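Peer 1: My structure file entry39.txt, compact mmCIF, C-alpha atoms and all ligand atoms, is below:
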```
# COMPACT_ATOMS: atom_id res chain seq x y z
CA MET A 41 121.17 119.74 92.48
CA THR A 42 117.37 120.00 92.58
CA GLY A 43 114.67 117.52 91.67
CA LYS A 44 113.67 119.73 88.73
CA LEU A 45 116.72 119.04 86.57
CA PRO A 46 116.52 116.15 84.12
CA PHE A 47 117.89 112.91 85.49
CA GLU A 48 121.60 112.41 85.02
CA ALA A 49 123.62 109.54 86.40
CA LEU A 50 126.37 110.58 88.80
CA SER A 51 129.95 109.48 88.31
CA VAL A 52 133.07 109.52 90.46
CA GLU A 53 134.24 112.48 88.38
CA THR A 54 131.04 114.58 88.55
CA LEU A 55 129.71 113.87 92.03
CA SER A 56 131.63 116.59 93.91
CA THR A 57 130.60 119.28 91.43
CA ARG A 58 126.99 118.19 91.24
CA LEU A 59 126.47 117.69 94.97
CA GLY A 60 129.01 120.23 96.24
CA THR A 61 126.32 122.69 97.34
CA ASN A 62 124.00 120.12 98.87
CA GLU A 63 123.48 121.35 102.42
CA ALA A 64 122.62 118.01 103.95
CA LEU A 65 125.73 116.43 102.46
CA CYS A 66 128.06 119.30 103.41
CA ALA A 67 126.70 119.25 106.96
CA LYS A 68 127.72 115.61 107.26
CA ILE A 69 131.11 115.52 105.56
CA GLY A 70 132.35 119.13 105.33
CA GLN A 71 132.10 121.83 102.67
CA ASP A 72 135.60 121.58 101.21
CA THR A 73 134.78 119.61 98.08
CA SER A 74 138.43 119.57 97.02
CA ALA A 75 139.03 117.24 99.96
CA TRP A 76 136.16 114.87 99.07
CA LYS A 77 137.12 111.35 98.10
CA VAL A 78 134.54 109.53 95.97
CA ARG A 79 134.43 105.79 95.34
CA GLU A 80 131.79 103.80 93.45
CA VAL A 81 131.23 100.57 95.34
CA GLY A 82 127.91 99.27 93.99
CA ASP A 83 128.11 95.53 93.51
CA GLY A 84 124.37 94.90 93.48
CA ASN A 85 122.25 94.16 90.44
CA LEU A 86 120.53 97.51 89.98
CA ASN A 87 122.07 100.77 91.22
CA LEU A 88 125.05 103.08 91.60
CA VAL A 89 126.43 103.32 95.14
CA PHE A 90 129.11 105.87 96.07
CA ILE A 91 131.00 106.33 99.31
CA VAL A 92 131.86 110.01 99.70
CA GLU A 93 134.40 110.97 102.35
CA GLY A 94 135.16 114.53 103.41
CA THR A 95 137.08 116.20 106.20
CA GLU A 96 134.21 115.78 108.68
CA GLY A 97 132.87 112.34 107.85
CA ALA A 98 131.48 110.04 105.18
CA VAL A 99 128.12 109.22 103.60
CA VAL A 100 126.66 106.83 101.06
CA VAL A 101 125.06 108.27 97.92
CA LYS A 102 122.82 105.73 96.23
CA GLN A 103 121.37 106.47 92.81
CA ALA A 104 119.00 104.39 90.72
CA LEU A 105 119.78 103.92 87.05
CA PRO A 106 117.06 103.84 84.38
CA TYR A 107 117.95 100.23 83.60
CA VAL A 108 118.99 96.97 85.30
CA ARG A 109 122.71 97.34 85.93
CA LEU A 110 123.28 93.58 85.86
CA VAL A 111 121.86 93.29 82.34
CA GLY A 112 122.36 96.75 80.78
CA ASP A 113 120.12 99.25 79.03
CA SER A 114 118.31 96.52 77.10
CA TRP A 115 116.29 96.09 80.34
CA PRO A 116 114.82 99.51 81.29
CA LEU A 117 113.74 99.97 84.89
CA PRO A 118 111.98 103.07 86.26
CA LEU A 119 113.81 105.48 88.52
CA LYS A 120 110.81 105.60 90.85
CA ARG A 121 112.17 102.58 92.72
CA SER A 122 114.28 105.12 94.61
CA PHE A 123 111.05 106.78 95.81
CA PHE A 124 109.79 103.43 97.13
CA GLU A 125 113.11 102.71 98.80
CA TYR A 126 113.05 106.09 100.52
CA HIS A 127 109.49 105.65 101.75
CA ALA A 128 110.15 102.08 102.88
CA LEU A 129 113.23 103.17 104.83
CA THR A 130 111.30 105.89 106.66
CA ARG A 131 108.58 103.41 107.61
CA GLN A 132 111.07 100.76 108.69
CA GLU A 133 112.87 103.28 110.90
CA ALA A 134 109.57 104.26 112.53
CA ARG A 135 108.48 100.65 113.02
CA ALA A 136 111.85 99.15 113.98
CA PRO A 137 114.01 102.05 115.21
CA GLY A 138 117.74 101.71 114.61
CA SER A 139 117.41 98.88 112.10
CA VAL A 140 118.13 100.80 108.87
CA PRO A 141 120.65 103.48 107.82
CA ALA A 142 119.73 107.09 108.67
CA ILE A 143 118.52 109.11 105.68
CA TYR A 144 119.97 112.61 105.20
CA TYR A 145 118.49 113.65 101.85
CA PHE A 146 116.25 112.37 99.08
CA ASP A 147 115.99 113.76 95.52
CA GLU A 148 113.15 112.13 93.63
CA GLY A 149 114.06 113.58 90.21
CA GLN A 150 117.66 112.41 90.42
CA ALA A 151 116.54 109.14 92.09
CA LEU A 152 119.18 109.53 94.77
CA ILE A 153 119.30 108.99 98.49
CA ILE A 154 122.08 110.30 100.71
CA MET A 155 122.34 108.09 103.76
CA GLU A 156 124.48 106.98 106.65
CA TYR A 157 127.76 105.30 105.77
CA LEU A 158 127.82 102.14 107.83
CA SER A 159 131.36 101.43 108.93
CA PRO A 160 133.00 99.05 109.78
CA HIS A 161 129.96 97.04 108.68
CA MET A 162 130.19 94.44 105.92
CA ILE A 163 127.58 92.66 103.83
CA LEU A 164 126.26 89.67 105.79
CA ARG A 165 126.61 87.34 102.80
CA ARG A 166 130.35 88.10 102.61
CA ALA A 167 130.76 87.51 106.33
CA LEU A 168 129.04 84.12 106.10
CA ILE A 169 131.18 83.11 103.11
CA GLU A 170 134.26 83.95 105.18
CA GLY A 171 132.92 81.70 107.93
CA ARG A 172 132.24 84.43 110.45
CA GLN A 173 129.74 83.70 113.21
CA LEU A 174 127.90 86.90 114.01
CA PRO A 175 126.37 86.64 117.48
CA ASN A 176 123.40 89.00 117.10
CA ILE A 177 121.96 88.52 113.63
CA ALA A 178 119.16 86.12 114.56
CA ARG A 179 117.90 88.42 117.31
CA ASP A 180 118.23 91.60 115.26
CA ILE A 181 116.69 90.29 112.04
CA GLY A 182 113.95 88.38 113.88
CA LEU A 183 112.96 91.59 115.70
CA PHE A 184 113.16 93.66 112.50
CA MET A 185 110.85 91.30 110.62
CA ALA A 186 108.31 90.95 113.43
CA ARG A 187 108.14 94.71 114.04
CA THR A 188 107.98 95.87 110.43
CA LEU A 189 105.62 93.12 109.26
CA PHE A 190 103.24 93.40 112.22
CA ARG A 191 103.23 97.20 112.43
CA GLY A 192 102.71 97.62 108.67
CA SER A 193 99.58 95.47 108.62
CA ASP A 194 95.87 95.66 109.46
CA LEU A 195 96.76 94.00 112.75
CA HIS A 196 98.16 97.32 113.90
CA MET A 197 97.50 100.23 111.54
CA ALA A 198 94.32 102.23 111.12
CA ALA A 199 92.60 100.83 108.02
CA ARG A 200 92.62 104.22 106.30
CA ASP A 201 96.38 104.64 106.79
CA ARG A 202 97.18 101.14 105.60
CA LYS A 203 95.02 101.55 102.51
CA ALA A 204 96.76 104.85 101.68
CA ASP A 205 100.11 103.10 102.00
CA LEU A 206 98.88 100.16 99.97
CA ALA A 207 97.95 102.60 97.19
CA LEU A 208 101.32 104.35 97.39
CA PHE A 209 103.37 101.15 97.09
CA ALA A 210 101.02 99.55 94.54
CA ASP A 211 102.85 101.58 91.90
CA ASN A 212 106.09 99.63 92.46
CA VAL A 213 104.94 97.47 89.56
CA GLU A 214 108.20 96.87 87.73
CA LEU A 215 110.11 95.69 90.80
CA CYS A 216 107.27 93.31 91.69
CA ASP A 217 107.36 92.12 88.09
CA ILE A 218 111.04 91.19 88.52
CA THR A 219 110.21 89.04 91.53
CA GLU A 220 107.10 87.56 89.92
CA ASN A 221 109.11 86.38 86.93
CA LEU A 222 112.61 85.80 88.26
CA VAL A 223 111.60 84.07 91.48
CA PHE A 224 108.34 82.29 90.77
CA SER A 225 108.39 81.35 87.09
CA ASP A 226 111.71 81.59 85.22
CA PRO A 227 113.53 78.87 87.18
CA TYR A 228 110.95 76.32 86.05
CA PHE A 229 111.26 76.74 82.29
CA ASP A 230 113.97 77.56 79.80
CA ALA A 231 113.75 81.35 80.29
CA LYS A 232 116.14 83.46 78.25
CA LEU A 233 118.27 84.86 81.07
CA ASN A 234 118.50 81.66 83.12
CA ARG A 235 121.82 79.99 83.75
CA HIS A 236 123.07 77.13 85.89
CA THR A 237 126.26 75.20 86.50
CA SER A 238 126.38 73.09 83.37
CA PRO A 239 126.67 70.29 82.43
CA GLN A 240 126.80 69.08 86.05
CA LEU A 241 123.26 70.20 86.93
CA ASP A 242 121.62 69.61 83.54
CA GLY A 243 119.88 66.38 84.59
CA LEU A 244 118.55 67.79 87.83
CA VAL A 245 117.37 70.98 86.12
CA ALA A 246 115.40 68.93 83.58
CA GLU A 247 113.89 66.90 86.43
CA LEU A 248 112.77 70.02 88.31
CA ARG A 249 111.27 71.60 85.21
CA ALA A 250 109.25 68.42 84.62
CA ASP A 251 108.13 68.28 88.24
CA ARG A 252 104.41 69.02 88.12
CA ASP A 253 103.89 69.21 91.88
CA LEU A 254 106.76 71.68 92.22
CA LYS A 255 105.50 73.92 89.42
CA VAL A 256 101.97 73.94 90.78
CA GLU A 257 103.32 74.83 94.23
CA ALA A 258 105.51 77.62 92.82
CA GLN A 259 102.45 79.09 91.10
CA ARG A 260 100.32 78.79 94.24
CA LEU A 261 103.04 80.75 96.03
CA LYS A 262 103.13 83.33 93.24
CA HIS A 263 99.38 83.66 93.65
CA ILE A 264 99.81 84.35 97.37
CA PHE A 265 102.62 86.80 96.63
CA ALA A 266 100.55 88.74 94.11
CA ALA A 267 97.16 88.64 95.85
CA ASN A 268 97.83 88.79 99.59
CA ALA A 269 98.55 92.47 100.30
CA GLU A 270 99.02 91.83 104.00
CA THR A 271 101.79 94.19 105.02
CA LEU A 272 104.62 96.40 103.79
CA LEU A 273 107.42 94.00 102.90
CA HIS A 274 111.10 94.75 102.55
CA GLY A 275 110.67 92.72 99.38
CA ASP A 276 114.29 91.61 98.90
CA LEU A 277 115.44 90.55 102.35
CA HIS A 278 118.42 88.32 101.59
CA SER A 279 121.87 88.25 103.18
CA GLY A 280 123.12 90.73 100.55
CA SER A 281 120.60 93.28 101.89
CA ILE A 282 121.96 93.20 105.43
CA MET A 283 125.07 94.88 106.85
CA VAL A 284 126.72 93.65 110.00
CA THR A 285 129.42 94.05 112.59
CA ASP A 286 129.78 91.62 115.49
CA GLN A 287 127.45 93.87 117.46
CA GLU A 288 125.19 95.55 114.93
CA THR A 289 122.79 94.56 112.15
CA ARG A 290 121.21 96.95 109.64
CA MET A 291 118.82 96.19 106.82
CA ILE A 292 119.40 98.05 103.54
CA ASP A 293 118.03 98.23 99.98
CA PRO A 294 114.22 97.97 100.36
CA GLU A 295 113.55 99.15 96.80
CA PHE A 296 111.36 96.07 96.19
CA ALA A 297 109.03 97.18 98.99
CA PHE A 298 105.33 96.58 98.40
CA TYR A 299 102.28 95.20 100.18
CA GLY A 300 102.52 91.43 100.16
CA PRO A 301 102.42 88.35 102.41
CA MET A 302 104.39 88.45 105.67
CA ALA A 303 105.85 85.03 104.97
CA PHE A 304 107.72 86.29 101.91
CA ASP A 305 110.35 88.32 103.79
CA VAL A 306 110.80 85.59 106.41
CA GLY A 307 111.06 82.82 103.82
CA MET A 308 113.53 84.67 101.60
CA LEU A 309 115.72 85.48 104.58
CA LEU A 310 115.77 81.92 105.96
CA ALA A 311 116.44 80.54 102.46
CA ASN A 312 119.62 82.58 102.36
CA PHE A 313 120.81 81.05 105.63
CA TRP A 314 120.06 77.57 104.31
CA MET A 315 121.91 78.34 101.06
CA SER A 316 124.86 79.55 103.08
CA PHE A 317 124.69 76.23 104.98
CA PHE A 318 124.85 74.18 101.75
CA SER A 319 127.63 76.35 100.32
CA GLN A 320 129.96 75.94 103.29
CA SER A 321 131.62 72.76 101.97
CA GLY A 322 132.65 74.80 98.92
CA HIS A 323 134.58 77.13 101.21
CA GLU A 324 135.96 74.43 103.48
CA GLN A 325 139.56 74.88 102.33
CA THR A 326 139.64 78.16 104.23
CA GLY A 327 138.97 76.27 107.48
CA ALA A 328 136.85 73.44 108.77
CA ARG A 329 133.24 74.53 108.61
CA ASP A 330 131.38 72.06 110.87
CA ALA A 331 130.94 74.71 113.55
CA MET A 332 129.81 77.20 110.91
CA ARG A 333 127.19 74.76 109.62
CA ALA A 334 125.88 74.20 113.14
CA TYR A 335 125.88 77.96 113.70
CA LEU A 336 123.83 78.58 110.54
CA LEU A 337 121.16 76.05 111.46
CA GLY A 338 121.11 77.60 114.93
CA VAL A 339 120.59 81.03 113.34
CA THR A 340 117.55 79.84 111.38
CA ALA A 341 115.99 78.35 114.52
CA GLU A 342 116.73 81.42 116.62
CA THR A 343 115.52 83.87 113.96
CA TRP A 344 112.20 82.06 113.71
CA ALA A 345 111.92 81.82 117.53
CA VAL A 346 112.65 85.54 117.97
CA PHE A 347 110.20 86.40 115.18
CA ARG A 348 107.45 84.32 116.79
CA ALA A 349 108.10 85.71 120.27
CA GLU A 350 108.15 89.36 119.16
CA PHE A 351 105.17 88.92 116.86
CA SER A 352 103.25 87.33 119.76
CA LEU A 353 104.21 90.16 122.07
CA LEU A 354 103.01 92.74 119.55
CA TRP A 355 99.83 90.72 119.03
CA ARG A 356 99.09 91.01 122.74
CA SER A 357 100.17 94.63 123.20
CA GLU A 358 99.69 96.48 119.86
CA ARG A 359 96.76 94.77 118.13
CA THR A 360 94.97 98.03 117.39
CA GLY A 361 93.97 97.45 113.76
CA MET A 362 90.72 96.13 112.33
CA LEU A 363 91.78 92.48 112.32
CA TYR A 364 91.03 90.15 115.28
CA GLN A 365 89.81 93.12 117.36
CA LYS A 366 90.22 92.96 121.10
CA SER A 367 86.49 93.73 121.39
CA LEU A 368 85.85 90.20 120.14
CA PHE A 369 88.30 88.50 122.48
CA GLU A 370 90.17 90.08 125.42
CA ASP A 371 87.45 92.69 126.07
CA GLN A 372 85.01 89.82 126.55
CA GLY A 373 87.41 88.02 128.87
CA ASP A 374 88.39 85.58 126.10
CA ARG A 375 92.16 85.77 126.11
CA LEU A 376 92.32 82.21 124.86
CA GLY A 377 90.39 83.14 121.72
CA ALA A 378 93.01 85.75 120.86
CA GLU A 379 95.76 83.16 121.43
CA GLN A 380 93.95 80.67 119.21
CA ALA A 381 93.78 83.27 116.41
CA LEU A 382 97.47 84.13 116.90
CA ASP A 383 98.31 80.47 116.53
CA HIS A 384 96.46 80.34 113.19
CA VAL A 385 98.21 83.46 111.89
CA LEU A 386 101.66 82.17 112.87
CA HIS A 387 100.89 78.76 111.40
CA GLN A 388 99.96 80.34 108.08
CA ILE A 389 103.19 82.36 108.04
CA TRP A 390 105.16 79.20 108.83
CA THR A 391 103.58 77.11 106.06
CA ASP A 392 104.00 79.83 103.44
CA LEU A 393 107.54 80.81 104.44
CA LEU A 394 108.71 77.27 103.73
CA GLY A 395 107.33 77.54 100.22
CA PHE A 396 108.88 80.94 99.59
CA ALA A 397 112.19 79.68 100.99
CA GLY A 398 112.20 76.64 98.72
CA ILE A 399 111.67 78.61 95.54
CA GLU A 400 114.14 81.34 96.58
CA VAL A 401 116.76 78.58 96.78
CA HIS A 402 115.82 77.40 93.29
CA ARG A 403 115.92 80.80 91.64
CA ARG A 404 119.39 81.58 93.02
CA ILE A 405 120.76 78.44 91.34
CA LEU A 406 118.63 78.21 88.19
CA GLY A 407 117.62 81.78 87.36
CA LEU A 408 119.34 85.03 86.41
CA ALA A 409 120.38 86.39 89.80
CA HIS A 410 122.75 83.95 91.45
CA ASN A 411 124.38 84.54 94.81
CA ALA A 412 128.01 84.75 95.82
CA ASP A 413 127.67 81.89 98.33
CA PHE A 414 127.75 79.44 95.42
CA GLU A 415 129.28 81.62 92.70
CA THR A 416 132.54 82.08 94.58
CA ILE A 417 133.15 78.32 94.65
CA ALA A 418 135.64 78.12 91.78
CA ASP A 419 135.68 74.32 91.40
CA GLU A 420 132.57 73.74 89.28
CA ASP A 421 132.06 70.12 90.33
CA LEU A 422 132.19 71.12 93.96
CA ARG A 423 129.87 74.07 93.34
CA ALA A 424 127.40 71.87 91.50
CA SER A 425 127.42 69.35 94.31
CA CYS A 426 126.58 72.10 96.86
CA GLU A 427 123.90 73.50 94.56
CA ALA A 428 122.36 70.08 93.92
CA LYS A 429 121.89 69.55 97.65
CA ALA A 430 120.30 72.97 98.02
CA LEU A 431 117.97 72.32 95.06
CA LYS A 432 116.83 69.03 96.56
CA PHE A 433 116.26 70.71 99.92
CA GLY A 434 114.33 73.56 98.28
CA ARG A 435 112.09 71.18 96.40
CA HIS A 436 111.29 69.21 99.54
CA ILE A 437 110.33 72.16 101.71
CA ALA A 438 108.29 73.85 98.97
CA VAL A 439 106.27 70.80 97.99
CA ASN A 440 105.84 69.33 101.48
CA ARG A 441 105.40 72.58 103.36
CA ARG A 442 102.01 71.68 104.83
CA GLN A 443 103.40 68.49 106.38
CA ILE A 444 106.44 70.10 108.03
CA HIS A 445 105.77 71.23 111.57
CA SER A 446 108.94 72.66 113.05
CA ILE A 447 112.17 74.40 112.16
CA GLU A 448 114.03 71.54 113.85
CA GLU A 449 112.47 69.18 111.29
CA VAL A 450 113.67 71.41 108.44
CA ASN A 451 117.16 71.69 109.88
CA ALA A 452 117.34 67.91 110.40
CA LEU A 453 116.46 67.52 106.71
CA ALA A 454 119.17 70.01 105.72
CA ALA A 455 121.74 68.12 107.82
CA LEU A 456 120.66 64.81 106.26
CA ILE A 457 120.87 66.10 102.69
CA GLU A 458 124.27 67.65 103.44
CA GLN A 459 125.59 64.14 104.32
CA GLU A 460 124.40 62.59 101.05
CA ASN A 461 126.27 62.27 97.77
CA SER A 462 124.39 64.70 95.62
CA LEU A 463 125.34 64.08 92.01
C1 LIG B 1 117.30 91.96 87.82
S1 LIG B 1 117.38 92.13 89.51
C2 LIG B 1 117.80 90.57 90.12
C3 LIG B 1 117.68 90.45 91.58
O1 LIG B 1 118.49 91.41 92.23
C4 LIG B 1 117.80 91.94 93.34
O2 LIG B 1 118.61 92.00 94.46
C5 LIG B 1 116.59 91.07 93.53
O3 LIG B 1 116.87 89.97 94.38
C6 LIG B 1 116.30 90.65 92.14
O4 LIG B 1 115.50 89.50 92.07
MG MG B 2 119.55 95.08 96.52
```
Go ahead and express the file in the form of structure tokens.
Ligand code: SR1
Ligand code: MG

Peer 2:
Amino acid sequence: MTGKLPFEALSVETLSTRLGTNEALCAKIGQDTSAWKVREVGDGNLNLVFIVEGTEGAVVVKQALPYVRLVGDSWPLPLKRSFFEYHALTRQEARAPGSVPAIYYFDEGQALIIMEYLSPHMILRRALIEGRQLPNIARDIGLFMARTLFRGSDLHMAARDRKADLALFADNVELCDITENLVFSDPYFDAKLNRHTSPQLDGLVAELRADRDLKVEAQRLKHIFAANAETLLHGDLHSGSIMVTDQETRMIDPEFAFYGPMAFDVGMLLANFWMSFFSQSGHEQTGARDAMRAYLLGVTAETWAVFRAEFSLLWRSERTGMLYQKSLFEDQGDRLGAEQALDHVLHQIWTDLLGFAGIEVHRRILGLAHNADFETIADEDLRASCEAKALKFGRHIAVNRRQIHSIEEVNALAALIEQENSL
């Protein structure tokens, strides 16, 4: 298959014939295509994902479709998102080595990436729903975020290189448009594709949509998202975009990558841990979840601590870009000045991440794209009660983000809301 052929979606039936002469693929799994076993395993909202096993090994073949898989061909979506995913993965590997799957082949015309099959990894969201306590995720994800966000910004890169990258990713318009609408606006009005657990949440939904302070805050955050091209973001860093074993953590699916505010990735990620926290009582029948709840709050605190520590280390050792130059501080013997500036930068990330986290919680309960943490709670009253607590939490941290000073304060609030009767 070459990039010059017209795009054609792969299928379980056609994959071996169409990719049977692909050298990169054959080198990984063996040339005997009659022995290849092909499964389609994509359970995300957008793409096809195949696992292809041969006599010598296995790979993942991911292919974009020209529409949103979750909705169908009534919602066209450009294939070029595969190009952005490929380029984001190569940058993430360079900036945070070992944190993403290895790439073996990319075909822009067919919008497909052949990459490492991660096994026995599972999706982090699934692991958390099962009540598994992964020991390394906070460290691994905290390091990933600090390294990719710092090293993709004007704190580290040469201005010319960052601007070239900014121009490259600026074309990821349609994927940004999804986030701009689905995350920042749709949850707060009666948008066509919205859904929520009804009638249990109807009252609360009406209250949130009439909440002026919340809507203004959501739009201020959208403004930051759209206008603050600070660094190359993953762009969709939730627990469904992370694969884990007890030892290893890998980030996948950066097709939403673009230049945006550092706090967006951190906020979206932490929101997914807090949602997992509020969903645990819906999964309690499979075991008492008090320890799991404590673990999840611990993970948020540790992730933020690791992020801060690594970001600070990079600030002191790799601040080679045009922002906060060493010539203004350390080179004049003013180490304290550089620390003061670092404090401001981290404070801004903290304040904004709380806002992004709050609205990410809202959109997963009120918008189109829900998450399995809540969706797999079959009892609708129980699900609604978990969701109501999360909504209340999200509203509080988004609206009061400038008055909240520590992750311990946020986690104490989560624990308090969890104790309350929600509906
Ligand atoms: C129409 S796409 C819905 C969601 O799926 C992706 O994973 C992103 O989170 C997006 O917002
Ligand atoms: Mg995805």

Peer 1: Name each residue within 6 Å of ligand MG 2 (chain B), counting only C-alpha atoms and all ligand atoms, as a PyMOL selection string.

Peer 2: chain A and resi 84+281+293

Peer 1: Restrict the selected residues to C-alpha atoms and save them as a short mmCIF file (atom, residue, chain, number, x, y, z; two decimals), keeping the file's coordinate frame.

Peer 2:
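Output below, filename part.cif:
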```cif
data_model
loop_
_atom_site.label_atom_id
_atom_site.label_comp_id
_atom_site.auth_asym_id
_atom_site.auth_seq_id
_atom_site.Cartn_x
_atom_site.Cartn_y
_atom_site.Cartn_z
CA GLY A 84 124.37 94.90 93.48
CA SER A 281 120.60 93.28 101.89
CA ASP A 293 118.03 98.23 99.98
#
```

Peer 1: Within 7 Å of ligand LIG 1 (chain B) (counting only C-alpha atoms and all ligand atoms), which residues show up? I'd like them as a list of chain:residue names.

Peer 2: A:Gly84, A:Asn85, A:Leu86, A:Val108, A:Leu110, A:Ile218, A:Thr219, A:Leu222, A:Val223, A:Asp276, A:Leu408, A:Ala409

Peer 1: Do you have the CA of Glu214 (chain A)-CA of Glu148 (chain A) distance handy?

Peer 2: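 About the pair CA of Glu214 (chain A) and CA of Glu148 (chain A): they are 17.1 Å apart.
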
Peer 1: Which residue gives the smallest distance to Leu105 (chain A) among A:Cys216, A:Gly398, A:Ala49, A:Pro141, with only C-alpha atoms counted?

Peer 2: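 Selected residue with least distance to Leu105 (chain A): A:Ala49.
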
Peer 1: List as a list of chain:residue names the protein and nucleic acid residues near region 162-174 of chain A, meaning an atom at most 6 Å away when all atoms listed in the file are counted, but skip any in the same chain fewer than 2 places from it.

Peer 2: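 With the cut-off at 6 Å, the set is A:Asn176, A:Ser279, A:Gly280, A:Ile282, A:Met283, A:Val284, A:Asp286.
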
Peer 1: Taking (108.3, 75.9, 100.4) in the coordinates of the supplied file, I want to know which residues reach to within 7 Å of it, counting only C-alpha atoms; could you give the answer as a VMD selection string?

Peer 2: chain A and resid 392 to 399 434 437 to 439 441

Peer 1: All heavy atoms are needed for region 381-387 of chain A; please write them out as a short mmCIF file (atom, residue, chain, number, x, y, z; two decimals), in the frame of the given file.

Peer 2:
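Wrote it out as part_25.cif, contents follow:
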```cif
data_model
loop_
_atom_site.label_atom_id
_atom_site.label_comp_id
_atom_site.auth_asym_id
_atom_site.auth_seq_id
_atom_site.Cartn_x
_atom_site.Cartn_y
_atom_site.Cartn_z
N ALA A 381 93.65 82.56 117.70
CA ALA A 381 93.78 83.27 116.41
C ALA A 381 95.25 83.52 116.08
O ALA A 381 95.68 83.36 114.94
CB ALA A 381 93.00 84.59 116.49
N LEU A 382 96.02 83.90 117.10
CA LEU A 382 97.47 84.13 116.90
C LEU A 382 98.13 82.86 116.37
O LEU A 382 98.95 82.90 115.44
CB LEU A 382 98.11 84.54 118.24
CG LEU A 382 99.64 84.54 118.30
CD1 LEU A 382 100.25 85.55 117.31
CD2 LEU A 382 100.13 84.88 119.73
N ASP A 383 97.75 81.76 116.95
CA ASP A 383 98.31 80.47 116.53
C ASP A 383 98.03 80.21 115.04
O ASP A 383 98.90 79.76 114.30
CB ASP A 383 97.64 79.38 117.38
CG ASP A 383 98.59 78.24 117.59
OD1 ASP A 383 99.76 78.50 117.90
OD2 ASP A 383 98.15 77.08 117.39
N HIS A 384 96.82 80.53 114.61
CA HIS A 384 96.46 80.34 113.19
C HIS A 384 97.31 81.25 112.29
O HIS A 384 97.79 80.82 111.24
CB HIS A 384 94.98 80.67 112.96
CG HIS A 384 94.06 79.56 113.38
ND1 HIS A 384 94.11 78.31 112.80
CD2 HIS A 384 93.09 79.50 114.31
CE1 HIS A 384 93.21 77.54 113.36
NE2 HIS A 384 92.58 78.23 114.28
N VAL A 385 97.46 82.50 112.71
CA VAL A 385 98.21 83.46 111.89
C VAL A 385 99.67 83.01 111.77
O VAL A 385 100.26 82.97 110.68
CB VAL A 385 98.11 84.89 112.47
CG1 VAL A 385 99.07 85.84 111.78
CG2 VAL A 385 96.67 85.40 112.33
N LEU A 386 100.26 82.62 112.91
CA LEU A 386 101.66 82.17 112.87
C LEU A 386 101.81 80.88 112.06
O LEU A 386 102.80 80.69 111.34
CB LEU A 386 102.19 81.96 114.29
CG LEU A 386 102.52 83.24 115.06
CD1 LEU A 386 102.85 82.92 116.53
CD2 LEU A 386 103.70 83.99 114.43
N HIS A 387 100.83 80.02 112.16
CA HIS A 387 100.89 78.76 111.40
C HIS A 387 100.87 79.03 109.89
O HIS A 387 101.61 78.41 109.12
CB HIS A 387 99.75 77.84 111.80
CG HIS A 387 99.82 76.51 111.12
ND1 HIS A 387 100.77 75.56 111.44
CD2 HIS A 387 99.11 76.00 110.08
CE1 HIS A 387 100.63 74.52 110.64
NE2 HIS A 387 99.63 74.75 109.81
#
```
